[in-house]
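Presented below is the structure to which this report refers.
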Amino acid sequence: MKKTILGFALFLWFNAGYSQSSVHDLQFDTLAKRWDEAIPLGNGMLGSLVWQKDDKLRFSLDRADLWDLRPMKGLHRKEFSYQWVIGQVMKKDYSPVQQYLDEPYDKEPAPSRIPGGALEFDVKDWGKVQSVHLFIKQALCEVKWTNGTILKTFVNATAPLGWFRFENLKAGFKPQLIMPKFQGAVKISGDPVGGDDLSRLGYTQGTIKQTGNSITYDQQGWGGFKYEINVCWRRIDKGTVEGVWSISSQYPDKKTAVTASAVTQTALKKHYSDAYVSHTLWWRNFWSKSAIQVPDTLLEKQWYMEQYKFGSASRRGAPPISLQAVWTADNGRIPPWKGDYHHDLNTQLSYWPCYSANHLDEGLAYLDHLDANKANYKRYTKTYFGKDGLAVPGVTTLDGTEMGGWIQYSLSPTVSSWLAQHYYLQWRYSMDKKFLKNRAYPWIKDVAVFLENITIKDKNGFRKLPISSSPEINDNDLSAWFLQDTNYDQALMKSTFKMAAELAGELGLNNEAAHWKKILLEFGDFAVSPNNELMFSPTMAYNQSHRHFSHMMAIHPLGLIKWEDGGKSQRIIKNSIHLLDSIGPDYWCGYSYAWLANMKARAKDGDGAAKALTIFAKAFCSINSFHLNGDQTKSGYSKYQYRPFTLEGNFAFAAGLQEMLIQSYADFIAIMPAIPATWNNVSFENLRTEGAFLVSATRKNGFTSFIKIKSEMGGKCIVQTDIPPGQIKVTSRSLPKITRGNDGKTYIEVESTPGEVIYILNKQK
């Protein structure tokens with residue numbers, strides 16, 4: 001009894017002191033009528049979408065590891081070989097490659113993510129919806145009806161459960177579990193973007209059983225896979241009902257999992273209020289990691305929604321963010337692009353914001369997944385490339401198995417190089433030597449070994465791939481292969497050897513570091529036009545509007561061509577971005593604008609970065625903030641006007657705004673390096689930088705007034721600011737060195753100690 005009273009007291013305290021409405025919340029006066037406009041809730045493993053279908057309140061229920069893992073039919077044949085592909089390219093006989101390696105992805109329904117099911121409540125007698133509110137600080141959805149009924153629901157941040165509480169119920173209460181339509185006539189097939197009918201999977205329809213206040217849905221999938229959904233509830237008093245739902249999955253070769261029914265029965269021994277306290281504590285800690293304040297309310301709100309979705313979608317112990325994460329399409333169809341792991345940019349962009357937003361732990365979910373599948377990747381490396389080292393397929397299942405598709409990216413030899421950058425960034429932002437030794441360098445070294453093995457020397461002695469590509473330029477045509485390295489492949493390979501040399505040196509492996517430096521020097525220069533514009537390849541200029549800025553990888557995210565390197569690099573950056581803008585956005589997606597914002601921030605173009613982010617938020621997002629790929633306003637921002645939901649654009653947006661506020665890739669911390677001139681009042685708290693520094697800063701009336709830096713691991717800290725040297729006051733344990741740079745900025749250098757807090761003040765402001 002004492003525990004119950006204490007739990008309820010804490011629940012009331014949280015509601016009173018921490019449940020205030022925020023300007024960043026989602027608020028509507030009606031429930032969404034589409035699943036991709038619904039209120040999203042999640043905890044990395046489980047997800048829910050709250051909306052209304054016909055006259056039913058609907059929770060679309062999802063679990064991140066619900067997968068049909070059958071092998072891609074027809075893919076693993078004797079022609080599944082890089083050497084065979086090279087031969088076909090050289091013979092200019094490419095249709096067999098398309099037929100054997102590309103087409104199965106389009107023609108076959110699986111492997112694929114699959115939806116879980118839905119929970120429905122009959123609300124036709126409750127009157128009109130009065131308000132729908134997502135409290136993002138608490139990850140709580142509240143719905144009110146005109147008859148006084150109130151719903152409160154959340155997906156528990158610390159347990160595999162969803163909770164709901166109905167207050168002021170006026171009539172009977174009878175929830176229903178709804179099965180996905182795994183049976184029925186096939187009307188749509190061969191549509192990876194829109195999604196095939198679920199009935200193509202060929203499952204026997206599952207069973208639903210009700211016992212008292214508990215309903216269980218059991219579904220058999222492919223190859224012995226099965227999952228269970230259970231919902232159970234209890235009446236607290238005449239007008240109040242509390243309930244829980246869960247989903248469990250079971251693969252035949254895995255340890256027996258606790259069933260959803262067992263999870264919910266245990267949970268319901270306690271109260272909604274008890275679960276809400278632990279849930280809210282997790283989210284309070286999440287939100288304490290970083291914060292921003294900018295004078296553009298649209299961009300600020302979108303950033304907070306991206307943080308909310310990131311916390312809902314990525315969690316250690318759960319699979320990382322796939323194309324739709326824990327919000328698989330609830331439309332009777334297989335999700336867009338099978339809901340898979342696309343490593344040609346989608347997973348990479350999804351994890352861009354975790355570093356400077358100070359969410360390294362959530363970012364590790366990505367690397368945990370990659371490490372867990374490493375043996376499977378090495379099997380693929382040997383099977384397809386016939387080489388030692390590490391390559392990763394560009395399109396994979398939950399366990400990392402290749403799925404085919406346009407092989408210029410789905411079987412590209414440089415995918416693992418882009419993934420390697422995330423190991424490098426996790427190291428640079430944490431400075432965790434154990435992670436460096438046990439995870440970052442081993443991954444990057446394995447990738448470097450593979451690239452050394454697969455590359456050849458050309459007649460001029462430069463190292464290159466036998467055939468190269470630039471996703472998704474020229475689609476999957478023969479012309480998409482180049483006999484000289486594309487800027488995309490070359491940037492990724494150069495980055496790999498650069499990182500390998502640096503990390504080997506950090507670990508004192510001097511011979512290995514020297515070897516990787518030697519290999520790095522064997523690559524030629526990037527292909528640049530006479531106008532100093534990055535090209536797709538030495539034989540193909542940037543000559544078409546395209547969603548994937550693959551030719552500009554060296555600028556961002558890899559940072560091999562940096563603004564800070566001086567005039568030549570600045571001309572390449574400016575001219576390449578100008579050409580991108582000049583040819584225009586006809587065939588861009590939403591993520592293209594988010595990526596462009598990151599590049600413009602690297603070019604110190606605050607106005608351009610803000611404009612790109614504004615277009616993304618206004619034109620490419622649903623009312624619930626989901627990125628829908630196409631221009632929903634039909635305003636000429638893209639000729640794509642469809643609406644397949646994927647998440648990478650959302651998270652690249654967050655990274656772009658963070659890039660405007662702080663940069664640290666050039667061995668110093670730049671404070672607000674790319675904000676519009678009109679942003680006179682800006683602040684941020686605890687943004688993280690390379691070197692493991694946590695930085696807070698304030699700009700008032702157009703001038704930086706305050707900078708606070710916490711040094712987690714110690715070491716040299718160099719800060720770039722607009723505060724004139726004579727107006728600076730530094731509080732630090734060591735004597736700071738203050739200089740004026742050729743760029744007119746002030747540079748403050750401090751040798752910090754672990755845990756030290758450094759203050760930089762503008763004495764005039």
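Chain labels run A, B, ... following the order of the structure tokens; each chain numbers its residues from 1, and ligands are numbered from 1 in the order shown.
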TODO: Compile the contact shell of segment 399-416 of chain A as number ranges by chain: residues with an atom at most 6 Å away, counting only C-alpha atoms, same-chain residues fewer than 2 positions apart removed.
DONE: A: 72, 101-102, 105, 344, 373, 391-397, 418-420, 469, 471, 476
- [ ] Tell me which protein, DNA and RNA residues are within 6 Å of segment 124-139 of chain A, counting only C-alpha atoms, leaving out same-chain ones fewer than 6 positions away, and put them as an MDAnalysis selection string.
- [x] chainID A and resid 25:30 55 145:147 280
Limited to N, CA and C atoms, could you put the picked residues into a file as a PDB file, in the first residue's frame?
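Output below, filename selection_25.pdb:
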ATOM      1  N   ASP A  25       5.316  20.834 -28.838  1.00  0.00           N
ATOM      2  CA  ASP A  25       4.411  19.688 -28.880  1.00  0.00           C
ATOM      3  C   ASP A  25       3.618  19.660 -30.186  1.00  0.00           C
ATOM      4  N   LEU A  26       3.072  18.490 -30.482  1.00  0.00           N
ATOM      5  CA  LEU A  26       2.067  18.376 -31.540  1.00  0.00           C
ATOM      6  C   LEU A  26       0.693  18.553 -30.910  1.00  0.00           C
ATOM      7  N   GLN A  27      -0.115  19.444 -31.475  1.00  0.00           N
ATOM      8  CA  GLN A  27      -1.462  19.683 -30.966  1.00  0.00           C
ATOM      9  C   GLN A  27      -2.429  19.831 -32.138  1.00  0.00           C
ATOM     10  N   PHE A  28      -3.517  19.068 -32.084  1.00  0.00           N
ATOM     11  CA  PHE A  28      -4.525  19.091 -33.134  1.00  0.00           C
ATOM     12  C   PHE A  28      -5.912  19.092 -32.490  1.00  0.00           C
ATOM     13  N   ASP A  29      -6.925  19.436 -33.275  1.00  0.00           N
ATOM     14  CA  ASP A  29      -8.296  19.377 -32.772  1.00  0.00           C
ATOM     15  C   ASP A  29      -9.061  18.202 -33.358  1.00  0.00           C
ATOM     16  N   THR A  30      -8.328  17.277 -33.983  1.00  0.00           N
ATOM     17  CA  THR A  30      -8.935  16.055 -34.481  1.00  0.00           C
ATOM     18  C   THR A  30      -7.869  14.985 -34.596  1.00  0.00           C
ATOM     19  N   ASP A  55     -14.739   4.925 -37.591  1.00  0.00           N
ATOM     20  CA  ASP A  55     -15.217   5.424 -36.299  1.00  0.00           C
ATOM     21  C   ASP A  55     -14.504   4.743 -35.139  1.00  0.00           C
ATOM     22  N   TRP A 145     -12.331  13.902 -25.775  1.00  0.00           N
ATOM     23  CA  TRP A 145     -13.566  13.939 -26.545  1.00  0.00           C
ATOM     24  C   TRP A 145     -14.567  14.877 -25.866  1.00  0.00           C
ATOM     25  N   THR A 146     -15.541  15.329 -26.621  1.00  0.00           N
ATOM     26  CA  THR A 146     -16.502  16.302 -26.079  1.00  0.00           C
ATOM     27  C   THR A 146     -17.393  15.717 -24.993  1.00  0.00           C
ATOM     28  N   ASN A 147     -17.501  14.396 -24.914  1.00  0.00           N
ATOM     29  CA  ASN A 147     -18.318  13.803 -23.845  1.00  0.00           C
ATOM     30  C   ASN A 147     -17.565  13.690 -22.523  1.00  0.00           C
ATOM     31  N   THR A 280       8.876   8.631 -17.518  1.00  0.00           N
ATOM     32  CA  THR A 280       9.148  10.065 -17.587  1.00  0.00           C
ATOM     33  C   THR A 280      10.556  10.389 -17.106  1.00  0.00           C
TER      34      THR A 280
END
TODO: Go through segment 420-551 of chain A and collect every residue that DSSP, computed from the backbone, puts in strand (DSSP E or B); the answer should be as a list in words.
DONE: Ile456, Lys457, Arg463, Lys464, Ser468, Phe482, Val528, Leu534, Ser537 and Met540 of chain A
- [ ] Write out as a PyMOL selection string the residues lying within 12 Å of Phe645 of chain A, counting only C-alpha atoms and excluding same-chain residues fewer than 5 positions away.
- [x] chain A and resi 35-37+193-195+322-325+327-330+335-339+589-591+620-622+624-630+632+650
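Among the candidates A:Leu425, A:Ala527, A:Leu367, A:Met540, the residue lying nearest to Arg688 of chain A is A:Leu425 (atoms considered: only C-alpha atoms).
Across the structure, atom CA of Ser576 of chain A and atom CA of Cys354 of chain A are spaced 27.1 Å apart.
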- [ ] Would you list the contacts of Ala267 of chain A as a list in words, taking every protein, DNA or RNA residue within 10 Å and counting only C-alpha atoms, but skipping same-chain residues closer than 5 positions in sequence?
- [x] Ala159, Pro160, Leu161, Trp163, Cys232, Gly243, Val244, Trp245, Ser261, Ala262, Tyr272, Asp274 and Ala275 of chain A
Selected residues written out with N, CA and C atoms, as a PDB file, in the first residue's frame:
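The resulting file, part.pdb, is shown below:
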ATOM      1  N   ALA A 159      10.532  -0.422 -20.632  1.00  0.00           N
ATOM      2  CA  ALA A 159       9.987  -1.782 -20.649  1.00  0.00           C
ATOM      3  C   ALA A 159       9.286  -2.014 -21.982  1.00  0.00           C
ATOM      4  N   PRO A 160       9.178  -3.280 -22.426  1.00  0.00           N
ATOM      5  CA  PRO A 160       8.543  -3.576 -23.729  1.00  0.00           C
ATOM      6  C   PRO A 160       7.023  -3.553 -23.639  1.00  0.00           C
ATOM      7  N   LEU A 161       6.493  -2.375 -23.364  1.00  0.00           N
ATOM      8  CA  LEU A 161       5.062  -2.223 -23.100  1.00  0.00           C
ATOM      9  C   LEU A 161       4.525  -0.919 -23.657  1.00  0.00           C
ATOM     10  N   TRP A 163       1.204   1.526 -22.659  1.00  0.00           N
ATOM     11  CA  TRP A 163       0.177   1.724 -21.628  1.00  0.00           C
ATOM     12  C   TRP A 163      -0.916   2.639 -22.173  1.00  0.00           C
ATOM     13  N   CYS A 232      -4.194  -6.441 -22.392  1.00  0.00           N
ATOM     14  CA  CYS A 232      -5.055  -6.754 -21.251  1.00  0.00           C
ATOM     15  C   CYS A 232      -5.336  -5.466 -20.486  1.00  0.00           C
ATOM     16  N   GLY A 243      -4.817  -0.156 -19.147  1.00  0.00           N
ATOM     17  CA  GLY A 243      -4.438  -1.353 -19.878  1.00  0.00           C
ATOM     18  C   GLY A 243      -3.031  -1.282 -20.432  1.00  0.00           C
ATOM     19  N   VAL A 244      -2.550  -2.433 -20.860  1.00  0.00           N
ATOM     20  CA  VAL A 244      -1.205  -2.541 -21.425  1.00  0.00           C
ATOM     21  C   VAL A 244      -1.253  -3.429 -22.658  1.00  0.00           C
ATOM     22  N   TRP A 245      -0.310  -3.207 -23.544  1.00  0.00           N
ATOM     23  CA  TRP A 245      -0.127  -4.090 -24.687  1.00  0.00           C
ATOM     24  C   TRP A 245       1.356  -4.346 -24.890  1.00  0.00           C
ATOM     25  N   SER A 261       2.115 -12.003 -23.588  1.00  0.00           N
ATOM     26  CA  SER A 261       1.107 -12.240 -22.552  1.00  0.00           C
ATOM     27  C   SER A 261       1.723 -12.224 -21.163  1.00  0.00           C
ATOM     28  N   ALA A 262       2.885 -12.842 -21.031  1.00  0.00           N
ATOM     29  CA  ALA A 262       3.552 -12.857 -19.727  1.00  0.00           C
ATOM     30  C   ALA A 262       3.993 -11.456 -19.327  1.00  0.00           C
ATOM     31  N   TYR A 272      -0.664   2.205 -13.965  1.00  0.00           N
ATOM     32  CA  TYR A 272      -0.237   3.164 -14.983  1.00  0.00           C
ATOM     33  C   TYR A 272       0.688   4.215 -14.375  1.00  0.00           C
ATOM     34  N   ASP A 274       2.709   4.033 -11.843  1.00  0.00           N
ATOM     35  CA  ASP A 274       4.050   3.520 -11.543  1.00  0.00           C
ATOM     36  C   ASP A 274       4.914   3.503 -12.809  1.00  0.00           C
ATOM     37  N   ALA A 275       4.350   2.977 -13.887  1.00  0.00           N
ATOM     38  CA  ALA A 275       5.099   2.916 -15.135  1.00  0.00           C
ATOM     39  C   ALA A 275       5.402   4.312 -15.669  1.00  0.00           C
TER      40      ALA A 275
END
Open item on the list: What's around Leu66 of chain A at 8 Å? Count only C-alpha atoms, leave out sequence neighbours fewer than 6 positions away in its own chain, and write the answer as an NGL selection string.
Closed with: :A and (113-116 or 227 or 249)
- [ ] With a distance cut-off of 12 Å and only C-alpha atoms, select the neighbouring residues of Ser479 of chain A, excluding the residue or stretch itself and same-chain residues fewer than 2 positions from it, and output the selection as JSON, numbers by chain.
- [x] {"A": [89, 90, 92, 93, 94, 408, 467, 468, 469, 470, 472, 473, 474, 475, 476, 477, 481, 482, 483, 537, 539, 540]}
- [ ] Identify, with DSSP run on backbone atoms, the residues in segment 447-598 of chain A assigned to alpha helix (DSSP H), and express the list as number ranges by chain.
- [x] A: 447-454, 487-506, 510-520, 567-583, 590-598
Task: Contacts of Gln293 of chain A at 12 Å (only C-alpha atoms; same-chain gap of 3+ positions) as a list of chain:residue names - done: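 Contacts, with the query itself left out: A:Val23, A:His24, A:Ser290, A:Asp296, A:Thr297, A:Leu298, A:Leu299, A:Glu300, A:Lys301, A:Gln302, A:Trp303, A:Tyr304, A:Leu657, A:Gln658, A:Leu661, A:Trp679, A:Asn680, A:Asn681, A:Val682, A:Ser683, A:Phe684, A:Glu685, A:Ser696, A:Ala697, A:Thr698, A:Arg699, A:Lys700.
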Per residue of segment 460-574 of chain A within 9 Å of segment 430-437 of chain A, note the shortest atom pair and the distance in Å to one decimal, counting only C-alpha atoms, and order the rows by chain and increasing residue number, as a Markdown table.
| residue | atom | partner | partner_atom | distance |
| --- | --- | --- | --- | --- |
| A:Leu503 | CA | A:Leu436 | CA | 7.6 |
| A:Glu506 | CA | A:Leu436 | CA | 8.7 |
| A:Leu507 | CA | A:Lys437 | CA | 7.1 |
TODO: Measure the distance from atom CA of Glu242 of chain A to atom CA of Phe166 of chain A in Å and round it to one decimal.
DONE: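 For atom CA of Glu242 of chain A relative to atom CA of Phe166 of chain A, the distance reads 6.5 Å.
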TODO: May I ask for the distance between atom CA of Val241 of chain A and atom CA of Gly42 of chain A, given in Å to one decimal place?
DONE: 21.7 Å
Each residue of segment 58-105 of chain A lying at most 12 Å from segment 172-187 of chain A should get a row with its shortest atom-to-atom pair and the distance in Å to one decimal, counting only C-alpha atoms; could you produce that, ordered by chain and increasing number, as CSV?
residue,atom,partner,partner_atom,distance
A:Arg58,CA,A:Ile178,CA,9.4
A:Phe59,CA,A:Leu177,CA,9.6
A:Ser60,CA,A:Ile178,CA,9.2
A:Leu61,CA,A:Ile178,CA,9.7
A:Asp62,CA,A:Pro180,CA,11.2
